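I have placed the structure first, in the form of structure tokens, so that the comments after it can refer back to it.
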Amino acid sequence: MLFFVAALFALSSMVWSVEVKGNVTIPTDEVLAAAKKEGIYPLQWGFRLQSQDKLSRQLALALPDVTWIGVSKEGTTITIQVVESAQPKREPLLNPRHLISKSDAVVTQIYAEQGRPVVQKDMRVKKGQVLISGILGDEENTKTIVAKGEVRGLVWREYQVEVPLVQKHNTMTGESKERFYMVLGKWAIQLWGYGSTPFSSFDTESNHKPLTWRSFTLPMGWLTEKDLETREHEQQQTIEWARTKGLEGARNDIIAKNGKGTKIISEKILHEKKENGKVYMKVLFEVEESIAEELPLVHSQGE
């Protein structure tokens, strides 16, 4: 009993983990390396550490890109809170460019923030055609700039959709197998629940309960793992369900690939058939999206 109490006191007096919070541009490894030079690292004795104020000052001197650093100790964990210096935002250096169309489309909206618009609303454009020119002036006096703006247009996309009519999903059977461990720091010692899991299909749940003493969280505790048997079920779906599911998946794919502002104006099923337990569809979507992409300019290049 005395040995257990002494071991418990010794373990609770050590540093078991060091956490870094608040850093964005400064790597965590860099902060931990500076902290280690000041004696802050796992398995360090708590009484060997300097005062938290002094540690904060020394770390702030070691890391020049920070405004403030706070060091706090709670139980066996030391937390290093970092407040980084506000760095001025550096604007990227951009080369002169056109904005061109990335696909065949009909222009629905054009806004030229910088540059000369060379197309208008309701105009049909081809892939690669200049929308906003980065060349200003006439034949004798020209100036190249960075064309900026937004151009939206109607684009037609054809999708091949395939949806199986038999849907498979897993459900719990209620059968389970448990394993129980005693946890000491980073090690876990299994106490019972030996043997392989008798289930061919299962999900595993873990529950870790560390021991606490007053306000301290001790580096020891209990871990329970439970294997829950699952069973696969098949469900036959209707053609209407498969059609709805397929169209929904195609819409989500269009929006995911083309950004938030993408709008699906219309959709038309060109062909549909049921074959080998699946529904196949060919669908044409009319989509309004951003159609502009950059084309770098070379000084000797004409428009």
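Chain labels follow the order of the structure tokens: the first chain is A, the next B, and so on; residue numbering restarts at 1 in every chain, and ligands are counted from 1 in their shown order.
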If we count only C-alpha atoms, what is near Gln44 (chain A) at a cut-off of 8 Å, once residues fewer than 4 positions away on the same chain are taken out, given as JSON, numbers by chain? {"A": [14, 15, 16, 39, 40, 48]}
Selection: 12 Å around Asn276 (chain A), only C-alpha atoms, excl. self and same-chain fewer than 5 positions, as a PyMOL selection string: chain A and resi 162-166
Using only C-alpha atoms, I'd like a table of the residues in region 143-208 of chain A that come within 12 Å of region 218-223 of chain A; for each, show the closest atom pair and its distance in Å rounded to one decimal, ordered by chain and ascending number, as a Markdown table.
| residue | atom | partner | partner_atom | distance |
| --- | --- | --- | --- | --- |
| A:Glu178 | CA | A:Leu223 | CA | 10.5 |
| A:Arg179 | CA | A:Leu223 | CA | 8.3 |
| A:Phe180 | CA | A:Leu223 | CA | 6.0 |
| A:Tyr181 | CA | A:Leu223 | CA | 5.0 |
| A:Met182 | CA | A:Trp222 | CA | 4.8 |
| A:Val183 | CA | A:Gly221 | CA | 5.1 |
| A:Leu184 | CA | A:Met220 | CA | 4.5 |
| A:Gly185 | CA | A:Pro219 | CA | 4.9 |
| A:Lys186 | CA | A:Pro219 | CA | 8.3 |
| A:Trp187 | CA | A:Met220 | CA | 9.2 |
| A:Ala188 | CA | A:Leu223 | CA | 7.9 |
| A:Ile189 | CA | A:Leu223 | CA | 9.3 |
| A:Gln190 | CA | A:Leu223 | CA | 9.0 |
| A:Leu191 | CA | A:Trp222 | CA | 10.1 |
| A:Trp192 | CA | A:Leu223 | CA | 11.3 |
| A:Gly193 | CA | A:Leu223 | CA | 12.0 |
| A:Glu205 | CA | A:Leu223 | CA | 10.6 |
| A:Ser206 | CA | A:Leu223 | CA | 7.1 |
| A:Asn207 | CA | A:Leu223 | CA | 5.7 |
| A:His208 | CA | A:Leu223 | CA | 4.4 |
If you count only C-alpha atoms, which residues fall within 8 Å of Leu131 (chain A), apart from same-chain ones fewer than 6 positions away, as a VMD selection string? chain A and resid 98 to 101 117 to 119 151 292
Using DSSP on the backbone coordinates, identify all residues within region 73-298 of chain A classified as helix (DSSP H, G or I); present the result as a list in words.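 So the helix (DSSP H, G or I) residues in region 73-298 of chain A would be Ile239, Glu240, Trp241, Ala242, Arg243, Thr244, Lys245, Gly246, Leu247, Glu248, Gly249, Ala250, Arg251, Asn252, Asp253, Ile254, Ile255, Ala256, Lys257 and Asn258 of chain A.
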